[in-house]
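Asker: If you scroll down you'll find the structure; I have some questions about it.
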Amino acid sequence: MYKLIKLNTALFIIFIVSACLGADHVIGHPAPLKSELLENPIKLECPVTIKEWRGNKPTQSVINDLSFLCKLSWYKFPEFIKSKGYKLNNSGKDYSASFITDSKSYRNLNDLTYRFNTRSKEVYGNTHYKSQYIFITNDYNLDIFYEVWVHELYHAMSDIYSIYDQYSGNKETIDESLAKEFSKFILQ
Ligand SMILES: [Zn+2]
């Protein structure tokens, strides 16, 4: 009996401590919280708007490069996708982008405990169909930074133009291999 009470007390203390530590931690909710949104969203020359950029600040030249690659990707997508035998069918969806630190800290790109609790792998970029968001590292000095950007743009366009639905077989695998091929095609 004593032991049981002691255990209950211990569990109660653990519960209180963890409740305090995680008191303001939101579970799930990949899309930026109100407090995380940019005051002035960054419009690009394509149908993607940057709504969150936290952890560092992009230079104007980085924004220009992201914008140019987005425009080029949109322009080249029809040609690429038709050559693969798929049809473009605009769903009218629009996508936003979040550039965040690729750490495991709360609300960062690899926070697999709270913000991205439905994902199991650490990544540099991820396109989340349900929230219509591209989540990507803010580390623009990374060699693969622009490659990841174009790769994720492919995933977004595949959803927007209903390409994903047309795949027969393992849709995820096909989308992944086409995203890789597309980023090479754009950045060649
Ligand atoms: Zn991918």
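For the structure tokens, the naming scheme is as follows: chains receive sequential letters (A, B, ...) according to their order of presentation, residues are indexed from 1 within each chain, and ligands are indexed from 1 in presentation order.
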Do you have, as JSON lines, the list of residues of stretch 70-135 of chain A lying at most 12 Å from stretch 142-166 of chain A, each with its nearest atom pair and that distance in Å to one decimal, counting only C-alpha atoms and ordered by chain then number?
Answerer:
```
{"residue": "A:Cys70", "atom": "CA", "partner": "A:Val150", "partner_atom": "CA", "distance": 7.2}
{"residue": "A:Lys71", "atom": "CA", "partner": "A:Leu153", "partner_atom": "CA", "distance": 10.3}
{"residue": "A:Leu72", "atom": "CA", "partner": "A:Val150", "partner_atom": "CA", "distance": 9.5}
{"residue": "A:Ser73", "atom": "CA", "partner": "A:Val150", "partner_atom": "CA", "distance": 7.0}
{"residue": "A:Trp74", "atom": "CA", "partner": "A:Met157", "partner_atom": "CA", "distance": 8.0}
{"residue": "A:Tyr75", "atom": "CA", "partner": "A:Met157", "partner_atom": "CA", "distance": 11.2}
{"residue": "A:Lys76", "atom": "CA", "partner": "A:Tyr154", "partner_atom": "CA", "distance": 10.7}
{"residue": "A:Phe77", "atom": "CA", "partner": "A:Met157", "partner_atom": "CA", "distance": 8.0}
{"residue": "A:Pro78", "atom": "CA", "partner": "A:Tyr161", "partner_atom": "CA", "distance": 9.5}
{"residue": "A:Phe80", "atom": "CA", "partner": "A:Tyr154", "partner_atom": "CA", "distance": 10.6}
{"residue": "A:Ile81", "atom": "CA", "partner": "A:Ile163", "partner_atom": "CA", "distance": 8.3}
{"residue": "A:Lys82", "atom": "CA", "partner": "A:Ile163", "partner_atom": "CA", "distance": 10.3}
{"residue": "A:Lys84", "atom": "CA", "partner": "A:Ile163", "partner_atom": "CA", "distance": 10.5}
{"residue": "A:Gly85", "atom": "CA", "partner": "A:Gln166", "partner_atom": "CA", "distance": 9.8}
{"residue": "A:Tyr86", "atom": "CA", "partner": "A:Ile163", "partner_atom": "CA", "distance": 6.7}
{"residue": "A:Lys87", "atom": "CA", "partner": "A:Ile163", "partner_atom": "CA", "distance": 7.1}
{"residue": "A:Leu88", "atom": "CA", "partner": "A:Tyr161", "partner_atom": "CA", "distance": 5.3}
{"residue": "A:Asn89", "atom": "CA", "partner": "A:Tyr161", "partner_atom": "CA", "distance": 4.8}
{"residue": "A:Asn90", "atom": "CA", "partner": "A:Tyr161", "partner_atom": "CA", "distance": 4.4}
{"residue": "A:Ser91", "atom": "CA", "partner": "A:Ile160", "partner_atom": "CA", "distance": 5.5}
{"residue": "A:Gly92", "atom": "CA", "partner": "A:Ile160", "partner_atom": "CA", "distance": 6.6}
{"residue": "A:Lys93", "atom": "CA", "partner": "A:Ile160", "partner_atom": "CA", "distance": 5.5}
{"residue": "A:Asp94", "atom": "CA", "partner": "A:Ile160", "partner_atom": "CA", "distance": 7.1}
{"residue": "A:Tyr95", "atom": "CA", "partner": "A:Ala156", "partner_atom": "CA", "distance": 7.0}
{"residue": "A:Ser96", "atom": "CA", "partner": "A:Ala156", "partner_atom": "CA", "distance": 9.5}
{"residue": "A:Ala97", "atom": "CA", "partner": "A:Leu153", "partner_atom": "CA", "distance": 9.7}
{"residue": "A:Ser98", "atom": "CA", "partner": "A:Trp149", "partner_atom": "CA", "distance": 11.1}
{"residue": "A:Phe99", "atom": "CA", "partner": "A:Trp149", "partner_atom": "CA", "distance": 10.2}
{"residue": "A:Asp102", "atom": "CA", "partner": "A:Leu142", "partner_atom": "CA", "distance": 11.3}
{"residue": "A:Val123", "atom": "CA", "partner": "A:Val148", "partner_atom": "CA", "distance": 9.9}
{"residue": "A:Tyr124", "atom": "CA", "partner": "A:Val148", "partner_atom": "CA", "distance": 7.1}
{"residue": "A:Gly125", "atom": "CA", "partner": "A:Val148", "partner_atom": "CA", "distance": 6.2}
{"residue": "A:Asn126", "atom": "CA", "partner": "A:Glu152", "partner_atom": "CA", "distance": 6.5}
{"residue": "A:Thr127", "atom": "CA", "partner": "A:Glu152", "partner_atom": "CA", "distance": 5.9}
{"residue": "A:His128", "atom": "CA", "partner": "A:Ala156", "partner_atom": "CA", "distance": 8.3}
{"residue": "A:Tyr129", "atom": "CA", "partner": "A:Asp159", "partner_atom": "CA", "distance": 7.2}
{"residue": "A:Lys130", "atom": "CA", "partner": "A:Asp159", "partner_atom": "CA", "distance": 10.2}
{"residue": "A:Ser131", "atom": "CA", "partner": "A:Ala156", "partner_atom": "CA", "distance": 11.1}
{"residue": "A:Gln132", "atom": "CA", "partner": "A:Ala156", "partner_atom": "CA", "distance": 7.7}
{"residue": "A:Tyr133", "atom": "CA", "partner": "A:Ala156", "partner_atom": "CA", "distance": 8.1}
{"residue": "A:Ile134", "atom": "CA", "partner": "A:Glu152", "partner_atom": "CA", "distance": 6.6}
{"residue": "A:Phe135", "atom": "CA", "partner": "A:Glu152", "partner_atom": "CA", "distance": 8.4}
```
Asker: Excluding A:Lys121 and its own-chain neighbours fewer than 2 positions away, which residues fall within 10 Å of it when counting only C-alpha atoms? Please give them as number ranges by chain.
Answerer: A: 110, 112, 116, 118-119, 123
Asker: I need the strand (DSSP E or B) residues of stretch 5-150 of chain A per DSSP on the backbone, written as a list in words.
Answerer: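 The residues of stretch 5-150 of chain A classed as strand (DSSP E or B) are Ile42, Lys43, Val48, Thr49, Ile50, Lys51, Glu52, Trp53, Tyr95, Ser96, Ala97, Ser98, Phe99, Ile100, Gly125, Asn126, Thr127, His128, Tyr133, Ile134, Phe135, Ile136 and Thr137 of chain A.
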Asker: Closest to A:Asn141 among A:Leu44, A:Ile50, A:Val62, A:Val26, using only C-alpha atoms?
Answerer: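 So, comparing all the options, the nearest one is A:Val62.
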Asker: Using only C-alpha atoms and all ligand atoms, which of A:Asp175, A:Asp111, A:Glu181, A:Glu79 sits nearest ligand 1?
Answerer: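 Of all the options, A:Asp175 lies closest to ligand 1.
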Asker: Which residue out of A:Ser168, A:Ser183, A:Asn108, A:Asn56 has the minimum interatomic distance to A:Asp139 when only C-alpha atoms are used?
Answerer: A:Asn56
Asker: Could you pull out the alpha helix (DSSP H) residues of stretch 13-94 of chain A, going by DSSP on the backbone, and write them as a ChimeraX atom specification?
Answerer: /A:13-21,60-83
